[in-house]
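Notes follow once the structure below has been shown.
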Amino acid sequence: MVGIRSRRRFFASIMRLFLKCLYLGRRQRRRFKLVKRVEDFCRYGRLCFLSLVYNSFTNSDVVIDSLFEPIYWLVDHMTRWFGVVFVGLVIVLTSSIVLIVYICVLPLILQTYTAGWISWHLGYGHWNLLMIVFHYYKAITTAPGYPPKAKLDIPTVSICRKCISPKPARTHHCSICNRCILKMDHHCPWLNNCVGHYNHRYFFSFCLFMTMGCIYCGISSREMFSEAYLAIETYYQTPPPTFSFREKMFHKCIVYLWVLCSSVAVALGALALWHAVLITRGETSVERHINKKERLRLQKKGKVFQNPYSYGRCNNWRIFFGVETRLHWITRILLPSSHLPHGDGLIWNTSYRTESQATVLAI
């Protein structure tokens with residue numbers, strides 16, 4: 001009996017030892033699985049972090065753009081919401097100048113000028129006003145052009161990282177409109193609209209004719225401005241001059257007209273001149289910066305940059321205004337015209353360039 005009990009105790013101890021080893025093995029395996037899961041999670045997190053921050057094209061410009069991203073976001077949203085205010089301001093200021101011309105300047109012209117000069121002022125003034133109103137309205141209401149969302153057989157140069165969709169040549173993403181724009185030049189807050197393929201001509205024509213109108217008003221009222229300014233300086237003399245309320249308002253309106261028109265003529269004239277240079281080169285404002293970087297990069301390699309979308313100075317202006325015949329220089333430039341621009345903004349003819357030159361703007 002004693003031997004049987006001792007054998008039972010021995011087998012029981014062996015069994016307990018086996019179960020204990022089995023339990024410890026399970027705990028060890030669980031601990032090993034836990035450590036492996038933590039290691040896998042760390043590897044996955046490191047891979048995600050590297051995939052978010054790694055970029056073979058990273059340079060100082062990309063880092064600066066990333067740091068200024070909150071400021072860009074604030075400016076974009078403010079521009080988006082204040083666009084309507086800017087448009088209303090343009091309409092109010094332009095209307096005030098037109099009213100002053102009709103109420104104050106035009107009656108003096110009719111009283112003092114000869115019939116020939118009166119005809120010229122009436123003809124040119126109303127033509128200029130018509131061109132300003134027409135092109136501003138078209139620049140605001142005409143969509144700049146967007147890439148089609150449907151999958152079409154259209155050559156693309158890259159993928160938009162914001163829209164996650166193919167971008168045709170000369171297409172760029174507008175952070176304010178939050179979509180890609182065909183042949184994007186810039187987002188104009190004074191239009192509350194992007195300047196792109198379909199309304200670029202309207203925008204430039206508005207700048208040009210508005211500058212011409214401001215110069216015209218400034219030159220036509222320069223003598224009245226001098227007299228009104230000298231009259232205003234005498235307001236504070238003792239004894240004060242005997243000017244009626246209507247005469248004082250007339251003096252202030254003439255000064256307001258001349259100062260506003262002169263300021264707008266300088267600012268808007270400089271903008272129109274800058275865009276005229278870009279049109280002559282066959283570039284947009286966005287492409288100007290891209291081409292400048294590409295020009296410097298090729299210069300270091302001893303190569304010469306050539307814009308694949310420039311067809312010569314005169315041809316660039318023809319394409320921009322849509323001039324196909326000699327008569328179009330009058331009917332499509334000097335008269336209001338709603339004709340469509342050259343091409344569809346999706347495909348650009350660069351067949352006369354080499355293939356290496358045609359990939360310059362593939363960004």
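Labels for the structure tokens follow display order: chains A, B, ..., residues from 1 in each chain, ligands from 1.
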
DSSP strand (DSSP E) residues within region 99-321 of chain A, as a PyMOL selection string: chain A and resi 156-159+166-168+172-174+179-181+186-188+193-195

Polymer residues at most 9 Å from Met184 (chain A), only C-alpha atoms, same-chain spacing of 6 or more positions, as a ChimeraX atom specification: /A:144-145,170-174,194-197,200,284-287

Can you write just those residues out, N, CA and C atoms, as a compact mmCIF listing (two decimals), in the first residue's frame?
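Produced file out00.txt, reproduced below:
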# COMPACT_ATOMS: atom_id res chain seq x y z
N PRO A 144 -13.88 79.73 -65.45
CA PRO A 144 -12.53 79.70 -66.04
C PRO A 144 -12.24 78.43 -66.82
N GLY A 145 -13.00 77.37 -66.56
CA GLY A 145 -12.75 76.10 -67.23
C GLY A 145 -12.21 75.07 -66.25
N ARG A 170 -0.93 72.61 -68.26
CA ARG A 170 -1.22 74.00 -67.88
C ARG A 170 -2.38 74.11 -66.89
N THR A 171 -2.79 73.01 -66.31
CA THR A 171 -3.87 73.00 -65.32
C THR A 171 -3.26 73.02 -63.92
N HIS A 172 -3.85 73.83 -63.04
CA HIS A 172 -3.34 73.93 -61.67
C HIS A 172 -4.53 74.00 -60.70
N HIS A 173 -4.26 73.63 -59.47
CA HIS A 173 -5.31 73.59 -58.45
C HIS A 173 -5.40 74.94 -57.74
N CYS A 174 -6.63 75.45 -57.63
CA CYS A 174 -6.89 76.69 -56.90
C CYS A 174 -7.38 76.33 -55.50
N CYS A 194 -11.74 82.68 -60.46
CA CYS A 194 -10.42 82.34 -60.97
C CYS A 194 -10.28 82.86 -62.39
N VAL A 195 -9.06 83.24 -62.75
CA VAL A 195 -8.74 83.63 -64.12
C VAL A 195 -8.12 82.42 -64.80
N GLY A 196 -8.85 81.87 -65.76
CA GLY A 196 -8.39 80.67 -66.43
C GLY A 196 -8.56 80.75 -67.93
N HIS A 197 -8.69 79.59 -68.55
CA HIS A 197 -8.68 79.50 -70.01
C HIS A 197 -9.82 80.29 -70.64
N HIS A 200 -9.75 84.46 -69.28
CA HIS A 200 -8.49 85.21 -69.21
C HIS A 200 -8.54 86.46 -70.09
N THR A 284 1.47 82.10 -68.20
CA THR A 284 0.55 82.60 -67.19
C THR A 284 1.36 82.98 -65.96
N SER A 285 0.69 83.55 -64.97
CA SER A 285 1.40 83.94 -63.75
C SER A 285 1.99 82.73 -63.04
N VAL A 286 1.26 81.62 -63.03
CA VAL A 286 1.77 80.40 -62.40
C VAL A 286 2.95 79.85 -63.19
N GLU A 287 2.81 79.81 -64.49
CA GLU A 287 3.88 79.27 -65.33
C GLU A 287 5.13 80.14 -65.30

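Comparing the minimum interatomic distances between Pro166 (chain A) and each of A:Val133, A:Cys180, A:Cys253, A:Val323, counting only C-alpha atoms, we find that A:Cys180 sits nearest.
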
Selection near region 90-106 of chain A, 8 Å with only C-alpha atoms, sequence-local residues under 6 positions removed, as a list in words: Trp190, Ser221, Phe250, Cys253, Ile254 and Leu257 of chain A

Output for the residues just chosen: N, CA, C and O atoms as an mmCIF file, in the first residue's frame:
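Result file again.cif:
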data_model
loop_
_atom_site.group_PDB
_atom_site.id
_atom_site.type_symbol
_atom_site.label_atom_id
_atom_site.label_comp_id
_atom_site.auth_asym_id
_atom_site.auth_seq_id
_atom_site.Cartn_x
_atom_site.Cartn_y
_atom_site.Cartn_z
ATOM 1 N N TRP A 190 -10.972 90.560 -56.853
ATOM 2 C CA TRP A 190 -11.813 91.635 -57.382
ATOM 3 C C TRP A 190 -12.844 91.103 -58.362
ATOM 4 O O TRP A 190 -13.784 91.818 -58.719
ATOM 5 N N SER A 221 -10.169 115.866 -66.610
ATOM 6 C CA SER A 221 -10.547 116.682 -65.446
ATOM 7 C C SER A 221 -9.345 117.313 -64.756
ATOM 8 O O SER A 221 -9.482 117.788 -63.620
ATOM 9 N N PHE A 250 -19.188 120.073 -55.408
ATOM 10 C CA PHE A 250 -18.598 119.952 -56.741
ATOM 11 C C PHE A 250 -17.070 119.856 -56.632
ATOM 12 O O PHE A 250 -16.429 119.002 -57.279
ATOM 13 N N CYS A 253 -16.065 116.459 -55.182
ATOM 14 C CA CYS A 253 -16.293 115.359 -56.130
ATOM 15 C C CYS A 253 -15.214 115.332 -57.209
ATOM 16 O O CYS A 253 -14.746 114.246 -57.608
ATOM 17 N N ILE A 254 -14.796 116.492 -57.690
ATOM 18 C CA ILE A 254 -13.755 116.552 -58.718
ATOM 19 C C ILE A 254 -12.421 116.044 -58.161
ATOM 20 O O ILE A 254 -11.691 115.293 -58.831
ATOM 21 N N LEU A 257 -12.686 112.294 -57.813
ATOM 22 C CA LEU A 257 -12.590 111.647 -59.124
ATOM 23 C C LEU A 257 -11.146 111.580 -59.605
ATOM 24 O O LEU A 257 -10.676 110.533 -60.055
#

Close residues, Glu324 (chain A) itself excluded, 12 Å, only C-alpha atoms, min 4 positions apart in chain, as an MDAnalysis selection string: chainID A and resid 315 317:320 328:333 339 341:342

At most 9 Å is the cut-off: for each residue in region 123-143 of chain A with any atom that close to an atom of region 210-218 of chain A, write down the nearest atom pair and the distance in Å rounded to one decimal, counting only C-alpha atoms, chain first then increasing number, as JSON lines.
{"residue": "A:Gly125", "atom": "CA", "partner": "A:Gly213", "partner_atom": "CA", "distance": 7.6}
{"residue": "A:Asn128", "atom": "CA", "partner": "A:Gly213", "partner_atom": "CA", "distance": 6.2}
{"residue": "A:Leu129", "atom": "CA", "partner": "A:Gly213", "partner_atom": "CA", "distance": 7.3}
{"residue": "A:Met131", "atom": "CA", "partner": "A:Met210", "partner_atom": "CA", "distance": 8.5}
{"residue": "A:Ile132", "atom": "CA", "partner": "A:Met210", "partner_atom": "CA", "distance": 5.9}

Residue nearest Asn291 (chain A) among A:Gly345, A:Lys33, A:Ser263, A:Asn307 (counting only C-alpha atoms):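 Smallest distance to Asn291 (chain A) is found for A:Asn307.
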
For Asp185 (chain A), the nearest of the candidates A:Leu260, A:Leu268, A:Val157, A:Leu278, counting only C-alpha atoms: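 When distances to Asp185 (chain A) are compared using only C-alpha atoms, the smallest one comes from A:Leu278.
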
Pairwise distance for CA of Arg295 (chain A) and CA of Asn349 (chain A), rounded to one decimal in Å: 21.3 Å

Secondary structure check, helix (DSSP H, G or I) residues of region 67-277 of chain A, as a PyMOL selection string: chain A and resi 67+69-112+115-141+200-220+222-236+245-277

Contacts of Ala169 (chain A) at 12 Å or less, counting only C-alpha atoms, minus same-chain residues fewer than 5 places along, as an mmCIF file with C-alpha atoms, in the first residue's frame?
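As written to disk, out.cif reads:
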data_model
loop_
_atom_site.group_PDB
_atom_site.id
_atom_site.type_symbol
_atom_site.label_atom_id
_atom_site.label_comp_id
_atom_site.auth_asym_id
_atom_site.auth_seq_id
_atom_site.Cartn_x
_atom_site.Cartn_y
_atom_site.Cartn_z
ATOM 1 C CA PRO A 147 -11.036 69.427 -66.262
ATOM 2 C CA ILE A 154 -7.023 63.198 -72.706
ATOM 3 C CA PRO A 155 -3.244 63.464 -72.234
ATOM 4 C CA THR A 156 -2.381 64.416 -68.669
ATOM 5 C CA VAL A 157 0.900 65.471 -67.131
ATOM 6 C CA SER A 158 0.351 64.688 -63.443
ATOM 7 C CA ILE A 159 -2.140 63.849 -60.709
ATOM 8 C CA CYS A 160 -3.564 66.626 -58.543
ATOM 9 C CA CYS A 180 -8.431 72.431 -60.685
ATOM 10 C CA ILE A 181 -8.523 75.257 -63.262
ATOM 11 C CA LEU A 182 -7.634 74.948 -66.949
ATOM 12 C CA LYS A 183 -4.699 77.219 -67.871
ATOM 13 C CA MET A 184 -4.932 78.858 -64.461
ATOM 14 C CA HIS A 197 -8.679 79.501 -70.009
ATOM 15 C CA GLU A 287 3.881 79.270 -65.334
ATOM 16 C CA PRO A 308 6.709 74.848 -75.270
ATOM 17 C CA TYR A 309 3.527 76.941 -75.253
ATOM 18 C CA ASP A 344 -10.492 73.656 -75.308
ATOM 19 C CA GLY A 345 -7.784 74.133 -72.656
ATOM 20 C CA LEU A 346 -7.209 70.380 -72.437
ATOM 21 C CA ILE A 347 -4.900 69.718 -75.374
ATOM 22 C CA TRP A 348 -2.154 72.137 -76.441
ATOM 23 C CA ASN A 349 -0.342 71.931 -79.738
ATOM 24 C CA THR A 350 3.390 71.599 -79.069
ATOM 25 C CA ALA A 358 7.407 69.710 -74.286
ATOM 26 C CA THR A 359 7.713 68.197 -70.808
ATOM 27 C CA VAL A 360 8.954 71.377 -69.151
ATOM 28 C CA LEU A 361 5.605 72.279 -67.567
ATOM 29 C CA ALA A 362 4.654 68.743 -66.564
ATOM 30 C CA ILE A 363 4.057 69.776 -62.948
#

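In terms of minimum interatomic distance to Val259 (chain A), A:Tyr229 ranks closest within A:Gly322, A:Ala272, A:Tyr236, A:Tyr229, counting only C-alpha atoms.
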
Separation of CA of Val264 (chain A) from CA of Arg246 (chain A) in Å: 26.7 Å

Separation of CA of Ala139 (chain A) from CA of Ser338 (chain A) in Å: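 Going from CA of Ser338 (chain A) over to CA of Ala139 (chain A), I get 10.8 Å.
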